[in-house]
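Colleague: My structure file final-v8.txt, compact mmCIF, C-alpha atoms, is below:
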# COMPACT_ATOMS: atom_id res chain seq x y z
CA MET A 9 110.00 143.75 126.43
CA LYS A 10 106.27 143.10 126.71
CA LEU A 11 105.73 144.57 123.26
CA GLN A 12 108.51 142.42 121.81
CA ARG A 13 107.04 139.30 123.40
CA LYS A 14 103.59 140.16 122.01
CA ASN A 15 105.04 140.71 118.54
CA ARG A 16 106.92 137.43 118.69
CA ARG A 17 103.74 135.65 119.79
CA ALA A 18 101.72 137.23 116.97
CA LEU A 19 104.38 136.24 114.45
CA ALA A 20 104.40 132.65 115.72
CA LEU A 21 100.62 132.41 115.45
CA GLY A 22 100.78 133.81 111.94
CA VAL A 23 103.33 131.20 110.89
CA LEU A 24 101.19 128.42 112.37
CA ALA A 25 98.12 129.68 110.52
CA VAL A 26 99.96 129.85 107.19
CA SER A 27 101.54 126.41 107.64
CA GLY A 28 98.16 124.93 108.52
CA ALA A 29 96.62 126.42 105.40
CA LEU A 30 99.47 125.07 103.30
CA ALA A 31 98.96 121.59 104.76
CA LEU A 32 95.30 121.65 103.78
CA THR A 33 95.93 122.87 100.25
CA ALA A 34 98.83 120.48 99.68
CA CYS A 35 97.10 117.35 100.93
CA GLY A 36 95.20 116.73 97.70
CA SER A 37 98.06 117.50 95.32
CA ASP A 38 98.92 115.01 92.59
CA ASN A 39 102.37 113.50 93.07
CA ASN A 40 102.61 113.01 89.32
CA SER A 41 104.15 116.08 87.70
CA GLY A 42 102.24 118.20 85.23
CA GLY A 43 99.11 117.62 83.19
CA GLY A 44 96.55 117.78 85.99
CA ALA A 45 93.65 120.07 85.26
CA LYS A 46 92.41 122.63 87.70
CA SER A 47 89.02 121.65 89.05
CA GLY A 48 87.35 124.96 88.31
CA THR A 49 84.73 124.32 90.96
CA SER A 50 83.55 126.65 93.65
CA ALA A 51 84.80 125.88 97.13
CA ALA A 52 81.61 127.24 98.68
CA ALA A 53 79.31 124.69 100.24
CA ALA A 54 75.63 125.19 100.94
CA PRO A 55 74.89 125.97 104.61
CA GLY A 56 74.30 122.77 106.55
CA SER A 57 75.50 120.48 103.75
CA ILE A 58 78.68 119.64 105.68
CA LYS A 59 78.06 118.07 109.07
CA CYS A 60 81.30 117.93 111.05
CA GLY A 61 79.90 116.17 114.11
CA ASP A 62 82.72 114.62 116.15
CA ALA A 63 85.13 114.60 113.19
CA LYS A 64 88.68 115.58 114.04
CA GLY A 65 92.31 114.81 113.29
CA GLN A 66 94.01 113.68 110.09
CA LEU A 67 92.36 111.35 107.59
CA GLN A 68 94.76 109.40 105.39
CA ALA A 69 93.46 108.08 102.06
CA SER A 70 94.95 107.13 98.70
CA GLY A 71 94.16 105.55 95.37
CA SER A 72 92.52 106.63 92.13
CA SER A 73 94.21 109.53 90.38
CA ALA A 74 91.07 109.78 88.24
CA GLN A 75 89.16 111.42 91.08
CA LYS A 76 92.02 113.68 92.20
CA ASN A 77 90.42 116.88 90.88
CA ALA A 78 87.11 116.01 92.54
CA ILE A 79 88.88 115.30 95.84
CA ASP A 80 90.61 118.67 95.57
CA ALA A 81 87.27 120.46 95.28
CA TRP A 82 85.73 118.47 98.12
CA THR A 83 88.63 118.88 100.54
CA THR A 84 88.70 122.63 99.96
CA ALA A 85 85.01 122.96 100.86
CA PHE A 86 85.19 120.42 103.69
CA GLY A 87 88.33 121.93 105.21
CA GLY A 88 86.68 125.33 105.29
CA ALA A 89 83.76 123.97 107.31
CA CYS A 90 85.44 121.37 109.52
CA LYS A 91 88.53 123.13 110.83
CA GLY A 92 89.54 120.22 113.04
CA VAL A 93 89.94 117.73 110.17
CA GLN A 94 92.71 117.45 107.59
CA ILE A 95 92.13 115.19 104.57
CA ASN A 96 95.36 113.79 103.11
CA TYR A 97 94.58 112.08 99.78
CA ASN A 98 97.50 110.64 97.81
CA PRO A 99 96.61 109.84 94.14
CA THR A 100 98.84 106.75 93.90
CA GLY A 101 96.55 104.85 91.50
CA SER A 102 93.70 102.45 92.19
CA GLY A 103 95.82 99.34 92.65
CA ALA A 104 98.17 100.94 95.16
CA GLY A 105 95.25 102.56 96.97
CA VAL A 106 93.41 99.28 97.50
CA THR A 107 96.62 97.61 98.68
CA ALA A 108 97.31 100.38 101.20
CA PHE A 109 93.75 100.20 102.53
CA LEU A 110 93.81 96.42 102.94
CA GLN A 111 97.10 96.76 104.83
CA GLY A 112 95.44 99.16 107.26
CA GLN A 113 97.48 102.19 106.17
CA THR A 114 94.51 104.38 105.17
CA ALA A 115 90.96 105.12 106.34
CA PHE A 116 89.51 104.70 102.85
CA ALA A 117 90.69 104.10 99.30
CA GLY A 118 89.64 105.42 95.92
CA SER A 119 89.38 102.89 93.09
CA ASP A 120 88.06 103.08 89.54
CA SER A 121 87.26 99.38 89.68
CA PRO A 122 85.21 97.52 92.28
CA LEU A 123 86.94 95.15 94.69
CA LYS A 124 87.74 91.65 93.53
CA PRO A 125 86.20 88.73 95.47
CA GLU A 126 89.60 87.81 96.92
CA GLU A 127 90.11 91.40 98.09
CA ILE A 128 86.75 91.38 99.86
CA THR A 129 87.73 88.12 101.56
CA GLN A 130 91.08 89.61 102.58
CA SER A 131 89.33 92.67 104.04
CA GLY A 132 87.81 90.50 106.77
CA LYS A 133 91.16 90.70 108.58
CA LEU A 134 90.95 94.49 108.56
CA CYS A 135 87.23 95.10 109.03
CA SER A 136 86.45 93.41 112.34
CA GLY A 137 83.03 91.79 112.05
CA GLY A 138 82.50 93.17 108.54
CA GLN A 139 84.06 93.58 105.11
CA ALA A 140 85.23 96.22 102.66
CA ILE A 141 82.50 97.68 100.42
CA ASP A 142 82.39 99.75 97.24
CA LEU A 143 80.63 103.12 97.35
CA PRO A 144 80.23 104.69 93.86
CA MET A 145 81.00 108.39 94.29
CA VAL A 146 82.41 109.89 91.10
CA GLY A 147 81.39 109.27 87.50
CA GLY A 148 82.70 110.58 84.24
CA PRO A 149 83.95 110.00 80.73
CA ILE A 150 87.35 108.57 79.93
CA ALA A 151 88.52 110.91 77.21
CA VAL A 152 90.80 109.75 74.42
CA GLY A 153 93.11 112.71 73.96
CA PHE A 154 95.15 113.23 70.80
CA ASN A 155 97.80 115.59 69.41
CA VAL A 156 97.80 115.50 65.61
CA PRO A 157 98.98 118.72 63.93
CA GLY A 158 96.30 120.20 61.68
CA VAL A 159 93.53 117.94 63.00
CA ASP A 160 90.99 119.52 65.34
CA SER A 161 88.28 116.85 65.20
CA LEU A 162 88.74 113.09 65.13
CA VAL A 163 86.31 110.16 65.04
CA LEU A 164 87.34 106.62 65.92
CA ASP A 165 85.41 103.38 66.29
CA PRO A 166 86.24 100.64 68.82
CA ALA A 167 88.05 98.39 66.32
CA THR A 168 90.33 101.17 65.09
CA LEU A 169 90.99 102.34 68.64
CA ALA A 170 91.92 98.80 69.68
CA LYS A 171 94.30 98.40 66.73
CA ILE A 172 96.00 101.71 67.52
CA PHE A 173 96.70 100.76 71.14
CA ASP A 174 97.75 97.24 70.15
CA GLY A 175 100.27 98.54 67.64
CA LYS A 176 98.42 97.23 64.58
CA ILE A 177 97.77 100.74 63.22
CA THR A 178 100.94 102.82 63.45
CA ASN A 179 100.44 105.91 61.28
CA TRP A 180 97.88 108.71 61.40
CA ASN A 181 97.13 108.53 57.65
CA ASP A 182 96.16 104.85 57.87
CA GLU A 183 93.23 103.95 55.62
CA ALA A 184 91.06 102.89 58.58
CA ILE A 185 91.41 106.33 60.17
CA LYS A 186 90.90 108.08 56.81
CA LYS A 187 87.65 106.21 56.25
CA LEU A 188 86.26 107.44 59.59
CA ASN A 189 87.46 111.01 58.96
CA PRO A 190 86.98 111.77 55.24
CA GLY A 191 87.21 115.55 55.73
CA ALA A 192 90.36 115.57 57.86
CA LYS A 193 93.86 116.30 56.57
CA LEU A 194 95.59 113.41 58.29
CA PRO A 195 99.40 113.75 58.20
CA ASP A 196 101.97 111.08 57.40
CA LEU A 197 102.95 110.92 61.07
CA LYS A 198 103.80 108.06 63.41
CA ILE A 199 101.25 107.33 66.13
CA GLN A 200 102.65 107.63 69.66
CA ALA A 201 100.27 105.63 71.87
CA PHE A 202 100.70 106.12 75.63
CA HIS A 203 99.31 103.88 78.40
CA ARG A 204 99.54 103.87 82.21
CA SER A 205 102.73 102.51 83.76
CA ASP A 206 101.05 101.96 87.13
CA GLU A 207 98.12 99.71 87.97
CA SER A 208 95.06 101.77 87.18
CA GLY A 209 91.30 101.51 87.32
CA THR A 210 91.24 103.84 84.30
CA THR A 211 93.19 101.22 82.35
CA ASP A 212 90.79 98.57 83.62
CA ASN A 213 87.76 100.50 82.40
CA PHE A 214 89.40 101.48 79.10
CA THR A 215 90.24 97.87 78.29
CA LYS A 216 86.82 96.64 79.48
CA TYR A 217 85.35 98.96 76.85
CA LEU A 218 87.61 97.49 74.15
CA ILE A 219 86.79 93.93 75.25
CA ALA A 220 83.05 94.67 75.16
CA THR A 221 83.06 96.45 71.81
CA ALA A 222 86.05 95.10 69.82
CA LYS A 223 86.88 91.70 71.28
CA SER A 224 88.32 90.31 68.03
CA ASP A 225 90.76 93.22 67.84
CA TRP A 226 91.67 93.29 71.54
CA PRO A 227 92.81 89.75 72.52
CA TYR A 228 93.52 90.51 76.17
CA SER A 229 91.78 89.67 79.43
CA GLY A 230 91.90 93.21 80.84
CA GLY A 231 92.66 94.42 84.35
CA LYS A 232 94.42 97.28 86.09
CA ALA A 233 97.81 96.43 84.58
CA TRP A 234 98.41 97.20 80.89
CA GLN A 235 98.75 93.98 78.88
CA ALA A 236 99.28 94.94 75.24
CA LYS A 237 102.83 94.99 73.87
CA GLY A 238 104.59 98.09 72.64
CA GLY A 239 103.56 101.68 73.07
CA GLN A 240 104.91 104.09 75.67
CA SER A 241 103.92 104.60 79.29
CA ALA A 242 103.58 107.32 81.90
CA GLN A 243 102.62 107.50 85.56
CA GLY A 244 99.08 108.54 86.45
CA SER A 245 96.39 110.33 84.47
CA SER A 246 98.29 113.60 84.74
CA GLY A 247 101.40 111.96 83.29
CA LEU A 248 99.48 110.69 80.27
CA ALA A 249 97.84 114.07 79.69
CA GLN A 250 101.23 115.78 79.83
CA GLN A 251 102.65 113.38 77.24
CA VAL A 252 99.77 114.02 74.85
CA LYS A 253 100.15 117.76 75.27
CA GLN A 254 103.87 117.77 74.50
CA THR A 255 104.23 114.91 71.97
CA SER A 256 103.33 115.32 68.31
CA GLY A 257 101.36 112.28 67.10
CA ALA A 258 100.38 111.23 70.63
CA ILE A 259 97.17 109.56 71.74
CA SER A 260 96.16 108.34 75.21
CA TYR A 261 93.28 107.87 77.64
CA PHE A 262 92.46 109.77 80.83
CA GLU A 263 89.54 111.34 82.64
CA LEU A 264 87.96 114.36 80.96
CA SER A 265 89.12 116.65 83.79
CA TYR A 266 92.70 116.11 82.57
CA ALA A 267 91.87 117.03 78.96
CA ALA A 268 92.46 120.70 79.67
CA ASP A 269 94.75 123.38 78.27
CA GLY A 270 93.89 122.68 74.64
CA ILE A 271 94.00 118.86 74.57
CA LYS A 272 91.56 117.65 71.89
CA THR A 273 89.44 114.53 72.45
CA VAL A 274 88.17 111.79 70.16
CA ASP A 275 84.48 111.38 69.28
CA LEU A 276 83.54 107.70 69.56
CA LYS A 277 81.44 105.98 66.93
CA THR A 278 78.52 104.06 68.43
CA GLY A 279 75.31 102.52 67.16
CA ALA A 280 73.73 105.97 67.05
CA SER A 281 73.63 108.05 63.88
CA THR A 282 76.30 110.49 65.08
CA PRO A 283 79.50 109.84 67.09
CA ALA A 284 79.35 110.55 70.83
CA LYS A 285 81.43 113.37 72.29
CA ALA A 286 83.25 113.07 75.60
CA THR A 287 81.13 115.33 77.80
CA VAL A 288 79.82 115.09 81.35
CA GLU A 289 76.23 115.08 80.10
CA ASN A 290 76.86 112.28 77.61
CA ALA A 291 78.65 110.20 80.25
CA THR A 292 75.72 110.62 82.64
CA LYS A 293 73.42 109.20 79.96
CA ALA A 294 75.55 106.05 79.82
CA ILE A 295 76.08 105.68 83.60
CA ALA A 296 72.32 105.90 84.17
CA SER A 297 72.00 102.45 82.57
CA ALA A 298 74.50 100.84 84.98
CA LYS A 299 73.29 98.01 87.22
CA VAL A 300 74.14 97.39 90.89
CA THR A 301 75.86 94.00 91.09
CA GLY A 302 77.23 94.17 94.64
CA THR A 303 75.50 92.29 97.44
CA GLY A 304 74.46 93.56 100.86
CA LYS A 305 75.90 97.01 101.50
CA ASP A 306 78.32 96.70 98.59
CA LEU A 307 77.21 98.94 95.71
CA ALA A 308 79.53 97.81 92.93
CA LEU A 309 78.16 98.64 89.48
CA LYS A 310 78.27 96.95 86.08
CA LEU A 311 78.68 99.66 83.46
CA ASN A 312 77.05 99.53 80.04
CA TYR A 313 79.79 100.04 77.43
CA GLN A 314 77.34 99.70 74.55
CA PRO A 315 74.55 102.20 75.29
CA THR A 316 71.96 102.72 72.57
CA GLU A 317 70.75 106.18 73.55
CA ALA A 318 71.71 108.94 71.11
CA GLY A 319 74.66 110.94 72.42
CA ALA A 320 75.48 108.50 75.23
CA TYR A 321 79.28 108.37 75.56
CA PRO A 322 80.18 104.70 76.05
CA LEU A 323 83.69 104.98 77.51
CA THR A 324 82.95 105.87 81.12
CA LEU A 325 84.14 104.98 84.59
CA VAL A 326 82.88 105.16 88.14
CA THR A 327 85.27 105.77 91.02
CA TYR A 328 84.44 104.02 94.29
CA GLU A 329 85.37 105.03 97.81
CA ILE A 330 86.26 101.81 99.61
CA VAL A 331 85.60 101.52 103.36
CA CYS A 332 84.72 98.88 105.93
CA ASP A 333 81.00 98.47 106.50
CA LYS A 334 81.85 97.42 110.08
CA GLY A 335 85.07 97.52 112.06
CA ASN A 336 86.32 100.95 110.99
CA LYS A 337 88.91 102.46 113.36
CA ALA A 338 87.16 104.42 116.11
CA ALA A 339 89.64 107.29 115.85
CA THR A 340 88.87 107.99 112.18
CA LEU A 341 85.26 106.79 111.79
CA PRO A 342 83.62 110.18 112.59
CA ALA A 343 85.81 111.95 110.02
CA VAL A 344 85.19 109.23 107.39
CA LYS A 345 81.43 109.45 107.83
CA SER A 346 81.50 113.26 107.84
CA PHE A 347 83.68 113.61 104.73
CA LEU A 348 82.07 110.85 102.67
CA GLY A 349 78.65 112.03 103.81
CA TYR A 350 79.44 115.41 102.29
CA THR A 351 80.84 114.00 99.03
CA ALA A 352 77.66 111.95 98.57
CA SER A 353 75.39 114.86 99.48
CA GLU A 354 73.48 116.85 96.90
CA ASP A 355 75.89 119.75 97.29
CA GLY A 356 78.95 117.51 97.10
CA GLN A 357 77.71 115.87 93.91
CA LYS A 358 76.99 119.29 92.37
CA GLN A 359 80.69 120.07 92.72
CA LEU A 360 81.49 117.32 90.21
CA THR A 361 80.03 118.94 87.11
CA GLY A 362 82.31 121.97 87.36
CA ALA A 363 85.33 119.64 87.53
CA SER A 364 84.30 117.73 84.36
CA TYR A 365 82.95 114.72 86.27
CA ALA A 366 79.47 113.21 86.19
CA PRO A 367 77.34 113.03 89.36
CA ILE A 368 76.16 109.56 90.35
CA PRO A 369 72.48 109.05 89.35
CA ASP A 370 69.98 109.78 92.15
CA GLU A 371 68.74 106.20 92.48
CA ILE A 372 72.29 104.99 93.25
CA ILE A 373 73.66 107.91 95.29
CA SER A 374 70.66 107.76 97.65
CA LYS A 375 71.72 104.21 98.56
CA VAL A 376 75.29 105.42 99.07
CA ARG A 377 74.10 108.07 101.56
CA THR A 378 72.14 105.50 103.56
CA THR A 379 75.11 103.13 103.65
CA ILE A 380 77.49 105.87 104.86
CA GLU A 381 75.14 106.73 107.72
CA GLY A 382 75.26 103.11 108.87
CA LEU A 383 79.06 102.70 108.83
CA SER A 384 80.42 101.49 112.16
In structure tokens, write the structure found in this file.
Modeller:
Amino acid sequence: MKLQRKNRRALALGVLAVSGALALTACGSDNNSGGGAKSGTSAAAAPGSIKCGDAKGQLQASGSSAQKNAIDAWTTAFGGACKGVQINYNPTGSGAGVTAFLQGQTAFAGSDSPLKPEEITQSGKLCSGGQAIDLPMVGGPIAVGFNVPGVDSLVLDPATLAKIFDGKITNWNDEAIKKLNPGAKLPDLKIQAFHRSDESGTTDNFTKYLIATAKSDWPYSGGKAWQAKGGQSAQGSSGLAQQVKQTSGAISYFELSYAADGIKTVDLKTGASTPAKATVENATKAIASAKVTGTGKDLALKLNYQPTEAGAYPLTLVTYEIVCDKGNKAATLPAVKSFLGYTASEDGQKQLTGASYAPIPDEIISKVRTTIEGLS
């Protein structure tokens, strides 16, 4: 009987251990089916780079699907070091993430666009004695993925890109595309342009690029919700990537980390002598010229969509982690500071490159680290 009881106890402990591990690995999964790239990063963290402190319990967060693969890498490393904390990040999209945070449902939100003035004002009800602030944490290129049979390389300029997504150019052998790609065998094939169905910071940044570079061909005000008529839609970055992968003639926009498993990406024509490729290094060149426009502890950035440096990829985004500068919930504050402190650390930022993201430039991320230390 004693042996049976010991065996039953060992089995129960084993089940608890497995279920706990599953909870940690599942917490960062993308609810959108298919298309998400594996991060490809190492889960190992440098000794001492993760400071658990008093962090414990579950940390609920949601928002940007653009940073999902980065969050996956971070939570794996963090969970291995801080056994008493479980990070549950739901990639619902930037708009939904900000809404959930302002309603007090999450400890922090991820957004590919900085908070609007009215959202900062609204946050005063949540952040007792303070306000919500933007902390730039993840950078990277927005890739324009395409699926055109027989075409391995494609160059587009802002005007042509705008006309494609506005339904003004509808076939892959259009003269405007031929002119930019004289060596390509462009088929007589209908263009299938896909955009986000949910409110998205990626959409916001994509359309900001079109507004800045092809205003006469993109007559829309921009924002997280798609405004152009026509086209097809899908949920989340992973949904768009899946559509491009499986649809002949498709084109769409999503973070480079989703352009995996053979998805080809567009080279963008800029003022430089050669088109810019969607790479982490080229995105970093462009992000380095961003300017901090937030006030106080808010570190919102204004991106430069028309960089002049050779190779600089102009279509980039920065994902912010949104928290209260003051008035964070006492129960979750230690875990928030511990986790975000790690993501902003040198080791945390190094994880980004392997997942096809761009680290935030040193001058900016150093300010982020100082701000996180002062959260209360």
Colleague: When you count all atoms listed in the file, which of these residues is closest to Leu309 (chain A): A:Asn98, A:Thr292, A:Gln240, A:Thr327?
Modeller: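 Smallest separation from Leu309 (chain A) among the options: A:Thr327.
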Colleague: Which residues, written as a PyMOL selection string, have at least one atom at most 6 Å from region 137-145 of chain A, with only C-alpha atoms counted and residues fewer than 3 positions away on the same chain left out?
Modeller: chain A and resi 128+131-132+306-308+327-334
Colleague: Mind pulling up the distance from CA of Ala201 (chain A) to CA of Lys237 (chain A)?
Modeller: 11.1 Å
Colleague: I need the residue nearest Ile368 (chain A) from this list: A:Glu289, A:Glu381, A:Asp275, A:Glu317. Use only C-alpha atoms for the distance.
Modeller: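 Smallest separation from Ile368 (chain A) among the options: A:Glu289.
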Colleague: At a cut-off of 10 Å from (93.9, 99.1, 103.6) in the coordinates of the file, what residues are picked up using all atoms listed in the file, written as a PDB file with C-alpha atoms, keeping the file's coordinate frame?
Modeller:
ATOM      1  CA  ALA A  69      93.460 108.080 102.060  1.00  0.00           C
ATOM      2  CA  SER A  70      94.950 107.130  98.700  1.00  0.00           C
ATOM      3  CA  ALA A 104      98.170 100.940  95.160  1.00  0.00           C
ATOM      4  CA  GLY A 105      95.250 102.560  96.970  1.00  0.00           C
ATOM      5  CA  VAL A 106      93.410  99.280  97.500  1.00  0.00           C
ATOM      6  CA  THR A 107      96.620  97.610  98.680  1.00  0.00           C
ATOM      7  CA  ALA A 108      97.310 100.380 101.200  1.00  0.00           C
ATOM      8  CA  PHE A 109      93.750 100.200 102.530  1.00  0.00           C
ATOM      9  CA  LEU A 110      93.810  96.420 102.940  1.00  0.00           C
ATOM     10  CA  GLN A 111      97.100  96.760 104.830  1.00  0.00           C
ATOM     11  CA  GLY A 112      95.440  99.160 107.260  1.00  0.00           C
ATOM     12  CA  GLN A 113      97.480 102.190 106.170  1.00  0.00           C
ATOM     13  CA  THR A 114      94.510 104.380 105.170  1.00  0.00           C
ATOM     14  CA  ALA A 115      90.960 105.120 106.340  1.00  0.00           C
ATOM     15  CA  PHE A 116      89.510 104.700 102.850  1.00  0.00           C
ATOM     16  CA  ALA A 117      90.690 104.100  99.300  1.00  0.00           C
ATOM     17  CA  GLN A 130      91.080  89.610 102.580  1.00  0.00           C
ATOM     18  CA  SER A 131      89.330  92.670 104.040  1.00  0.00           C
ATOM     19  CA  LEU A 134      90.950  94.490 108.560  1.00  0.00           C
ATOM     20  CA  CYS A 135      87.230  95.100 109.030  1.00  0.00           C
ATOM     21  CA  ALA A 140      85.230  96.220 102.660  1.00  0.00           C
ATOM     22  CA  ILE A 330      86.260 101.810  99.610  1.00  0.00           C
ATOM     23  CA  VAL A 331      85.600 101.520 103.360  1.00  0.00           C
ATOM     24  CA  CYS A 332      84.720  98.880 105.930  1.00  0.00           C
TER      25      CYS A 332
END
Colleague: A:Asp174, A:Glu183, A:Asp355, A:Asp80: which is nearest Trp226 (chain A), counting only C-alpha atoms?
Modeller: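 For Trp226 (chain A), the nearest of the candidates is A:Asp174.
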Colleague: Go through A:Ile177, A:Ile380, A:Leu169, A:Leu248 and flag the residue nearest Ile219 (chain A), using only C-alpha atoms for the distances.
Modeller: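 Going through A:Ile177, A:Ile380, A:Leu169, A:Leu248 one by one, the smallest distance to Ile219 (chain A) is for A:Leu169.
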Colleague: Do you know which residues are at most 8 Å from Pro195 (chain A) counting only C-alpha atoms, after dropping those on the same chain fewer than 3 positions away, and could you put them as a PyMOL selection string?
Modeller: chain A and resi 156-158+180-181
Colleague: Distance CA of Gly92 (chain A)-CA of Gln68 (chain A), one decimal place?
Modeller: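 If I compute the distance from CA of Gly92 (chain A) to CA of Gln68 (chain A), I get 14.2 Å.
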Colleague: So what do you get for CA of Ala242 (chain A) versus CA of Gln357 (chain A), distance-wise?
Modeller: 29.8 Å
Colleague: Which one is closest to Cys90 (chain A): A:Thr255, A:Ser241, A:Ser346, A:Thr361? Count all atoms listed in the file.
Modeller: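 Checking each candidate against Cys90 (chain A), we get A:Ser346 as the closest.
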Colleague: Here is a test: counting all atoms listed in the file, which residue of A:Leu164, A:Val252, A:Val326, A:Ala338 is nearest to Ser136 (chain A)?
Modeller: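 Of A:Leu164, A:Val252, A:Val326, A:Ala338, the one nearest Ser136 (chain A) is A:Ala338, counting all atoms listed in the file.
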Colleague: Report as a ChimeraX atom specification all protein, DNA and RNA residues lying within 7 Å of region 63-67 of chain A, evaluated on only C-alpha atoms, omitting residues in the same chain fewer than 3 positions from it.
Modeller: /A:60,92-96,115,340,342-343,346
Colleague: Every residue with an atom at most 10 Å from (88.1, 117.3, 82.0) (file coordinates; all atoms listed in the file) is what I'm after, so could you write them as an mmCIF file with C-alpha atoms, keeping the file's coordinate frame?
Modeller:
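Okay, this is what ended up in result.cif:
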data_model
loop_
_atom_site.group_PDB
_atom_site.id
_atom_site.type_symbol
_atom_site.label_atom_id
_atom_site.label_comp_id
_atom_site.auth_asym_id
_atom_site.auth_seq_id
_atom_site.Cartn_x
_atom_site.Cartn_y
_atom_site.Cartn_z
ATOM 1 C CA GLY A 44 96.550 117.780 85.990
ATOM 2 C CA ALA A 45 93.650 120.070 85.260
ATOM 3 C CA LYS A 46 92.410 122.630 87.700
ATOM 4 C CA SER A 47 89.020 121.650 89.050
ATOM 5 C CA GLY A 48 87.350 124.960 88.310
ATOM 6 C CA ASN A 77 90.420 116.880 90.880
ATOM 7 C CA GLY A 148 82.700 110.580 84.240
ATOM 8 C CA PRO A 149 83.950 110.000 80.730
ATOM 9 C CA ILE A 150 87.350 108.570 79.930
ATOM 10 C CA ALA A 151 88.520 110.910 77.210
ATOM 11 C CA PHE A 262 92.460 109.770 80.830
ATOM 12 C CA GLU A 263 89.540 111.340 82.640
ATOM 13 C CA LEU A 264 87.960 114.360 80.960
ATOM 14 C CA SER A 265 89.120 116.650 83.790
ATOM 15 C CA TYR A 266 92.700 116.110 82.570
ATOM 16 C CA ALA A 267 91.870 117.030 78.960
ATOM 17 C CA ALA A 268 92.460 120.700 79.670
ATOM 18 C CA ASP A 269 94.750 123.380 78.270
ATOM 19 C CA ILE A 271 94.000 118.860 74.570
ATOM 20 C CA ALA A 286 83.250 113.070 75.600
ATOM 21 C CA THR A 287 81.130 115.330 77.800
ATOM 22 C CA VAL A 288 79.820 115.090 81.350
ATOM 23 C CA THR A 361 80.030 118.940 87.110
ATOM 24 C CA GLY A 362 82.310 121.970 87.360
ATOM 25 C CA ALA A 363 85.330 119.640 87.530
ATOM 26 C CA SER A 364 84.300 117.730 84.360
ATOM 27 C CA TYR A 365 82.950 114.720 86.270
#
Colleague: Quick one: residues within 10 Å of Ala291 (chain A), all atoms listed in the file counted, chain neighbours fewer than 4 positions away excluded, as a VMD selection string?
Modeller: chain A and resid 147 to 150 284 to 287 295 to 296 319 to 325 365 to 367
